[in-house]
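S.K.: Take a look at the following structure, please.
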Amino acid sequence: MRLAILGGGGFRTPLVYAALAFTDSGVTDVVLYDTDAGRLDVMAHVLASISSVEGAASARALGYTSTRDSEGPLVTVTTELDVALEGADFVFSAIRVGGLAARVQDELVALEHGVLGQETTGPGGIAYGLRTVPVARWVAERVRAVAPDAWVINFTNPAGMITEAMRSVLGDRVVGICDTPITMAKRAARLLGVDPRTPVGLDYVGLNHLGWLRGLRIDGEDLLPRLLADDALLGATEEGQLFGLDWIREIGALPNEYLYYYDFTRDAVASIRSGGLTRGEFLAGQQGDFYAAAARDPSRAHELWTTTRAEREATYMAAEHAGQARGGEEGIADVGGYEGVALALMRAITRDEEATMILDVANRGSVPGLPDDAVVEVPVTVGSGGPTPLPVSPPTLYQLGLMAQVKHVERLTIEAAVSGSPDLAEQALARHPLVDSVTVARGLLRAYRDRIPEVDAVFGR
């Protein structure tokens with residue numbers, strides 16, 4: 001099979017490649033596409049090391065055991081999108097319009113206006129979406145023209161919004177993924193002593209970066225109440241450490257970690273402000289150093305990447321965890337990570353091996369109260385025909401209300417980006433539950449347009 005990775009010069013590409021090279025993925029050819037030729041060159045050197053015999057040790061460190069004696073999939077690189085898409089069976093879309101420089105402004109502008117500065121949640125996510133939707137739709141149009149039978153697996157954030165925008169072109173052949181929900185569910189099951197091979201019924205409902213795990217069922221018995229009632233078990237979860245045991249018991253579910261920004265907004269803003277550099281500033285500096293060093297000495301590219309990744313993981317959401325290091329941003333190998341979820345999805349489709357996953361797909365009645373064509377994050381079954389959403393228990397009034405409000409904001413953002421309407425963009429910002437004033441929304445939009453050229457360009461078309 002041929003896989004095209006869009007945004008292939010990005011930092012997480014080696015995680016995907018290691019999963020391809022050291023599992024029975026069926027992928028023989030990988031094409032990396034990026035607009036930055038220098039970053040592509042660096043990633044080609046990192047992947048060459050992973051593919052080599054010496055790279056097997058580092059792959060094992062990522063949690064993979066080689067199932068093949070030969071080298072990994074053949075890698076080619078290109079800065080031409082149509083070249084990358086030609087003949088692709090699957091397309092991973094992981095683009096970042098405006099790069100990390102724009103992410104820095106997504107976060108700083110919001111903080112300067114007294115509201116949450118975060119990449120995907122709140123006003124930063126709206127700014128990110130505004131500049132990304134037109135590019136994502138263009139990518140979808142090129143896929144439809146050049147590789148109409150390909151499946152698109154969307155990693156690009158804000159994942160739910162971007163997947164919904166691409167669906168207007170590609171329909172069901174685009175699926176959004178995030179590793180957070182399934183990672184949370186598997187960790188909970190593991191703490192309860194469930195054998196990883198045991199089928200578990202998941203009751204999870206939400207949007208991307210906004211959801212709740214409400215049940216873990218085995219043979220009809222829900223094991224989640226036992227986890228919630230046990231101080232030691234619940235305290236061992238990352239969610240327990242982040243939200244506190246009492247609050248989780250009050251809501252009666254394990255919350256997606258991004259709900260911290262809604263439930264503890266002032267705490268989150270204060271932690272980010274007191275932490276010195278924002279996450280975007282930290283990554284911009286760290287990755288800038290990595291790419292520059294790797295370009296100067298390509299023979300050390302893999303070594304430099306490994307060291308940088310370890311530092312990146314150790315500091316993920318450190319401010320929210322009161323400065324304590326926690327699990328990795330990409331997830332850990334035994335519970336999947338983005339790359340594990342993507343490969344499981346590919347296997348289920350290509351081999352028609354039915355699998356249950358949590359993905360970003362069209363609702364189709366799975367979540368009562370939301371439109372059928374709205375992209376939601378719910379359990380699905382996957383086979384050769386792609387994902388089919390499973391029914392979930394009805395959301396609480398609060399859960400439905402928050403999902404509906406954020407979905408309304410996502411749709412306003414998509415419409416603003418497609419039409420080039422600043423009025424709709426202003427409405428999107430004003431209607432978000434983490435923006436507390438129309439006046440603030442207007443100031444945010446002005447600042448984003450002033451400081452992020454890719455956002456301003458949306459309204460100048």
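Each chain in the structure tokens gets a letter, A, B and so on, in the order shown; residues start at 1 in every chain, and ligands are counted from 1 in the order they appear.
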Hey, what's within 7 Å of range 236-248 of chain A if we count only C-alpha atoms and toss same-chain stuff fewer than 5 positions away? As a PyMOL selection string, please?
M.R.: chain A and resi 253-255+257+260+321
S.K.: Produce a file of the selected residues containing C-alpha atoms, as a compact mmCIF listing (two decimals), in the first residue's frame.
M.R.:
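Generated file (result.txt):
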```
# COMPACT_ATOMS: atom_id res chain seq x y z
CA ALA A 253 -17.51 10.22 34.53
CA LEU A 254 -13.87 10.41 33.51
CA PRO A 255 -13.45 13.72 31.65
CA GLU A 257 -8.19 16.12 29.88
CA TYR A 260 -9.89 21.03 32.41
CA HIS A 321 -0.42 19.41 36.45
```
S.K.: Using DSSP on the backbone coordinates, identify all residues within range 175-385 of chain A classified as strand (DSSP E); present the result as a ChimeraX atom specification.
M.R.: /A:175-176,201-207,210-218,221-222,254-255,355-362,375-383
S.K.: Residues as selected, N, CA and C atoms, written as a short mmCIF file (atom, residue, chain, number, x, y, z; two decimals), in the first residue's frame, can you do that?
M.R.:
```
data_model
loop_
_atom_site.label_atom_id
_atom_site.label_comp_id
_atom_site.auth_asym_id
_atom_site.auth_seq_id
_atom_site.Cartn_x
_atom_site.Cartn_y
_atom_site.Cartn_z
N VAL A 175 -11.84 10.64 7.95
CA VAL A 175 -12.11 10.28 9.34
C VAL A 175 -11.12 11.04 10.22
N GLY A 176 -11.60 11.61 11.31
CA GLY A 176 -10.73 12.31 12.24
C GLY A 176 -10.31 11.39 13.38
N GLY A 201 -16.95 -2.75 26.21
CA GLY A 201 -17.93 -1.83 25.67
C GLY A 201 -17.70 -0.43 26.23
N LEU A 202 -17.52 0.54 25.35
CA LEU A 202 -17.18 1.90 25.77
C LEU A 202 -18.39 2.81 25.62
N ASP A 203 -18.68 3.54 26.69
CA ASP A 203 -19.69 4.60 26.61
C ASP A 203 -18.96 5.93 26.72
N TYR A 204 -18.64 6.48 25.57
CA TYR A 204 -17.91 7.76 25.49
C TYR A 204 -18.69 8.67 24.56
N VAL A 205 -18.82 9.92 24.96
CA VAL A 205 -19.56 10.87 24.12
C VAL A 205 -18.86 12.21 24.15
N GLY A 206 -18.83 12.89 23.00
CA GLY A 206 -18.26 14.23 22.97
C GLY A 206 -17.93 14.70 21.58
N LEU A 207 -17.20 15.81 21.56
CA LEU A 207 -16.56 16.33 20.37
C LEU A 207 -15.06 16.15 20.58
N LEU A 210 -13.24 17.33 23.83
CA LEU A 210 -14.36 17.71 24.70
C LEU A 210 -15.25 16.48 24.82
N GLY A 211 -15.01 15.64 25.84
CA GLY A 211 -15.80 14.43 25.95
C GLY A 211 -15.67 13.77 27.30
N TRP A 212 -16.51 12.75 27.52
CA TRP A 212 -16.59 12.08 28.82
C TRP A 212 -16.67 10.57 28.61
N LEU A 213 -15.86 9.83 29.37
CA LEU A 213 -15.97 8.37 29.42
C LEU A 213 -16.94 8.05 30.54
N ARG A 214 -18.07 7.44 30.19
CA ARG A 214 -19.16 7.25 31.16
C ARG A 214 -19.43 5.79 31.48
N GLY A 215 -18.73 4.89 30.78
CA GLY A 215 -18.95 3.48 31.08
C GLY A 215 -17.89 2.60 30.46
N LEU A 216 -17.53 1.52 31.19
CA LEU A 216 -16.62 0.47 30.70
C LEU A 216 -17.31 -0.86 30.99
N ARG A 217 -17.89 -1.48 29.98
CA ARG A 217 -18.74 -2.65 30.21
C ARG A 217 -18.08 -3.93 29.69
N ILE A 218 -18.12 -4.94 30.55
CA ILE A 218 -17.66 -6.28 30.18
C ILE A 218 -18.79 -7.24 30.54
N GLU A 221 -21.62 -5.78 32.50
CA GLU A 221 -21.35 -5.10 33.78
C GLU A 221 -20.49 -3.87 33.55
N ASP A 222 -20.93 -2.74 34.12
CA ASP A 222 -20.17 -1.49 34.01
C ASP A 222 -19.15 -1.44 35.15
N LEU A 254 -15.24 9.97 33.71
CA LEU A 254 -13.87 10.41 33.51
C LEU A 254 -13.86 11.45 32.40
N PRO A 255 -13.44 12.68 32.68
CA PRO A 255 -13.45 13.72 31.65
C PRO A 255 -12.20 13.68 30.79
N ALA A 355 -13.28 -3.74 14.08
CA ALA A 355 -12.64 -3.21 15.28
C ALA A 355 -13.52 -2.13 15.88
N THR A 356 -13.49 -2.01 17.19
CA THR A 356 -14.21 -0.94 17.90
C THR A 356 -13.20 0.11 18.32
N MET A 357 -13.47 1.37 17.96
CA MET A 357 -12.56 2.46 18.22
C MET A 357 -13.37 3.69 18.63
N ILE A 358 -12.70 4.76 19.01
CA ILE A 358 -13.35 6.06 19.23
C ILE A 358 -12.76 7.02 18.20
N LEU A 359 -13.61 7.53 17.29
CA LEU A 359 -13.15 8.34 16.18
C LEU A 359 -14.06 9.55 15.99
N ASP A 360 -13.61 10.48 15.16
CA ASP A 360 -14.40 11.66 14.80
C ASP A 360 -15.10 11.38 13.49
N VAL A 361 -16.42 11.21 13.57
CA VAL A 361 -17.22 10.80 12.42
C VAL A 361 -18.55 11.55 12.43
N ALA A 362 -19.29 11.44 11.33
CA ALA A 362 -20.62 12.05 11.27
C ALA A 362 -21.53 11.38 12.29
N VAL A 375 -19.89 16.35 13.02
CA VAL A 375 -18.82 15.43 13.40
C VAL A 375 -18.73 15.38 14.92
N VAL A 376 -18.86 14.18 15.45
CA VAL A 376 -18.78 13.94 16.88
C VAL A 376 -17.68 12.92 17.15
N GLU A 377 -17.30 12.78 18.42
CA GLU A 377 -16.27 11.81 18.80
C GLU A 377 -16.94 10.74 19.66
N VAL A 378 -17.14 9.56 19.06
CA VAL A 378 -17.92 8.50 19.72
C VAL A 378 -17.33 7.14 19.35
N PRO A 379 -17.71 6.09 20.08
CA PRO A 379 -17.31 4.74 19.68
C PRO A 379 -17.90 4.38 18.32
N VAL A 380 -17.12 3.66 17.55
CA VAL A 380 -17.54 3.22 16.22
C VAL A 380 -17.08 1.79 16.01
N THR A 381 -17.73 1.11 15.08
CA THR A 381 -17.18 -0.14 14.55
C THR A 381 -16.61 0.17 13.17
N VAL A 382 -15.48 -0.43 12.86
CA VAL A 382 -14.80 -0.16 11.60
C VAL A 382 -14.60 -1.48 10.84
N GLY A 383 -14.95 -1.47 9.57
CA GLY A 383 -14.70 -2.58 8.67
C GLY A 383 -14.28 -2.04 7.33
#
```
S.K.: Give the alpha helix (DSSP H) residues of range 26-138 of chain A, as DSSP finds them on the backbone, and put them as a PDB file with C-alpha atoms, in the first residue's frame.
M.R.:
```
ATOM      1  CA  ALA A  37      11.954  21.326   1.874  1.00  0.00           C
ATOM      2  CA  GLY A  38      14.461  21.750   4.691  1.00  0.00           C
ATOM      3  CA  ARG A  39      12.223  20.041   7.232  1.00  0.00           C
ATOM      4  CA  LEU A  40      11.551  17.241   4.747  1.00  0.00           C
ATOM      5  CA  ASP A  41      15.279  16.656   4.373  1.00  0.00           C
ATOM      6  CA  VAL A  42      15.720  16.408   8.150  1.00  0.00           C
ATOM      7  CA  MET A  43      12.838  13.949   8.479  1.00  0.00           C
ATOM      8  CA  ALA A  44      14.211  11.818   5.648  1.00  0.00           C
ATOM      9  CA  HIS A  45      17.428  11.395   7.649  1.00  0.00           C
ATOM     10  CA  VAL A  46      15.523  10.513  10.836  1.00  0.00           C
ATOM     11  CA  LEU A  47      13.421   7.911   9.005  1.00  0.00           C
ATOM     12  CA  ALA A  48      16.459   6.418   7.308  1.00  0.00           C
ATOM     13  CA  SER A  49      17.922   5.719  10.737  1.00  0.00           C
ATOM     14  CA  ILE A  50      14.686   4.127  11.969  1.00  0.00           C
ATOM     15  CA  SER A  51      14.527   1.962   8.840  1.00  0.00           C
ATOM     16  CA  GLY A  55      17.070   1.766  14.192  1.00  0.00           C
ATOM     17  CA  ALA A  56      15.392  -1.358  15.554  1.00  0.00           C
ATOM     18  CA  ALA A  57      16.646  -0.540  19.054  1.00  0.00           C
ATOM     19  CA  SER A  58      15.124   2.924  18.969  1.00  0.00           C
ATOM     20  CA  ALA A  59      11.889   1.488  17.595  1.00  0.00           C
ATOM     21  CA  ARG A  60      11.747  -0.897  20.525  1.00  0.00           C
ATOM     22  CA  ALA A  61      12.189   2.107  22.803  1.00  0.00           C
ATOM     23  CA  LEU A  81       0.809  17.917  -3.288  1.00  0.00           C
ATOM     24  CA  ASP A  82      -0.470  16.129  -6.401  1.00  0.00           C
ATOM     25  CA  VAL A  83       2.760  14.141  -6.645  1.00  0.00           C
ATOM     26  CA  ALA A  84       2.298  12.991  -3.057  1.00  0.00           C
ATOM     27  CA  LEU A  85      -1.320  11.995  -3.625  1.00  0.00           C
ATOM     28  CA  GLY A  99       3.574  26.901  11.493  1.00  0.00           C
ATOM     29  CA  LEU A 100       4.455  27.239  15.148  1.00  0.00           C
ATOM     30  CA  ALA A 101       4.845  31.005  14.743  1.00  0.00           C
ATOM     31  CA  ALA A 102       1.075  31.234  14.264  1.00  0.00           C
ATOM     32  CA  ARG A 103       0.448  28.890  17.193  1.00  0.00           C
ATOM     33  CA  VAL A 104       2.446  31.212  19.427  1.00  0.00           C
ATOM     34  CA  GLN A 105       0.102  34.060  18.499  1.00  0.00           C
ATOM     35  CA  ASP A 106      -2.994  31.850  18.899  1.00  0.00           C
ATOM     36  CA  GLU A 107      -2.039  31.506  22.544  1.00  0.00           C
ATOM     37  CA  LEU A 108      -0.514  34.908  23.310  1.00  0.00           C
ATOM     38  CA  VAL A 109      -3.327  36.991  21.819  1.00  0.00           C
ATOM     39  CA  ALA A 110      -5.893  35.168  23.934  1.00  0.00           C
ATOM     40  CA  LEU A 111      -3.854  35.533  27.122  1.00  0.00           C
ATOM     41  CA  GLU A 112      -3.363  39.246  26.455  1.00  0.00           C
ATOM     42  CA  PRO A 123     -10.166  31.451  20.799  1.00  0.00           C
ATOM     43  CA  GLY A 124      -6.799  29.955  19.822  1.00  0.00           C
ATOM     44  CA  GLY A 125      -8.585  26.993  18.287  1.00  0.00           C
ATOM     45  CA  ILE A 126     -10.883  29.327  16.354  1.00  0.00           C
ATOM     46  CA  ALA A 127      -7.915  31.259  14.938  1.00  0.00           C
ATOM     47  CA  TYR A 128      -6.227  27.981  14.044  1.00  0.00           C
ATOM     48  CA  GLY A 129      -9.408  26.761  12.376  1.00  0.00           C
ATOM     49  CA  LEU A 130      -9.998  29.982  10.423  1.00  0.00           C
ATOM     50  CA  ARG A 131      -6.669  29.756   8.601  1.00  0.00           C
ATOM     51  CA  THR A 132      -6.713  25.960   8.252  1.00  0.00           C
ATOM     52  CA  VAL A 133     -10.201  25.299   6.859  1.00  0.00           C
ATOM     53  CA  PRO A 134      -9.524  26.793   3.378  1.00  0.00           C
ATOM     54  CA  VAL A 135      -6.279  24.809   3.038  1.00  0.00           C
ATOM     55  CA  ALA A 136      -7.903  21.602   4.313  1.00  0.00           C
ATOM     56  CA  ARG A 137     -10.731  21.952   1.801  1.00  0.00           C
ATOM     57  CA  TRP A 138      -8.205  22.528  -0.986  1.00  0.00           C
TER      58      TRP A 138
END
```
S.K.: What's the separation between CA of Phe155 in chain A and CA of Cys178 in chain A, in Å to one decimal place?
M.R.: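 Value for the CA of Phe155 in chain A-CA of Cys178 in chain A distance: 7.2 Å.
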S.K.: Report as number ranges by chain all protein, DNA and RNA residues lying within 12 Å of Thr350 in chain A, evaluated on only C-alpha atoms, omitting residues in the same chain fewer than 3 positions from it.
M.R.: A: 1, 25-27, 89-90, 150-151, 343-347, 353-355, 382-386
S.K.: Which one of A:Gln427, A:Glu86, A:Ala185, A:Met161 sits closest to Pro148 in chain A if you count only C-alpha atoms?
M.R.: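 Once distances to Pro148 in chain A are computed over only C-alpha atoms, the minimum belongs to A:Glu86.
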S.K.: List as a ChimeraX atom specification the protein and nucleic acid residues near Val77 in chain A, meaning an atom at most 7 Å away when only C-alpha atoms are counted, but skip any in the same chain fewer than 2 places from it.
M.R.: /A:31-33,40,75
S.K.: Once you have the residues from the selection above, write them out as a PDB file, in the first residue's frame, restricted to N, CA and C atoms.
M.R.:
```
ATOM      1  N   VAL A  31       5.138   8.525   1.148  1.00  0.00           N
ATOM      2  CA  VAL A  31       5.514   9.791   0.529  1.00  0.00           C
ATOM      3  C   VAL A  31       5.277  10.905   1.536  1.00  0.00           C
ATOM      4  N   LEU A  32       6.321  11.652   1.828  1.00  0.00           N
ATOM      5  CA  LEU A  32       6.204  12.789   2.732  1.00  0.00           C
ATOM      6  C   LEU A  32       6.016  14.059   1.912  1.00  0.00           C
ATOM      7  N   TYR A  33       4.943  14.783   2.205  1.00  0.00           N
ATOM      8  CA  TYR A  33       4.704  16.081   1.543  1.00  0.00           C
ATOM      9  C   TYR A  33       4.786  17.181   2.578  1.00  0.00           C
ATOM     10  N   LEU A  40      11.661  18.549   5.402  1.00  0.00           N
ATOM     11  CA  LEU A  40      11.551  17.241   4.747  1.00  0.00           C
ATOM     12  C   LEU A  40      12.894  16.524   4.738  1.00  0.00           C
ATOM     13  N   VAL A  75      10.783   5.470   1.375  1.00  0.00           N
ATOM     14  CA  VAL A  75      10.391   6.857   1.658  1.00  0.00           C
ATOM     15  C   VAL A  75      10.812   7.762   0.515  1.00  0.00           C
TER      16      VAL A  75
END
```
S.K.: For Asn154 in chain A, which residue among A:Pro453, A:Pro225, A:Gly7, A:Gly117 is the nearest when counting only C-alpha atoms?
M.R.: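 Smallest separation from Asn154 in chain A among the options: A:Gly7.
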S.K.: With distances taken over only C-alpha atoms, which residue among A:Pro199, A:Gly288, A:Pro422, A:Pro387 lies nearest Ile177 in chain A?
M.R.: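 Result for the nearest residue to Ile177 in chain A: A:Pro387.
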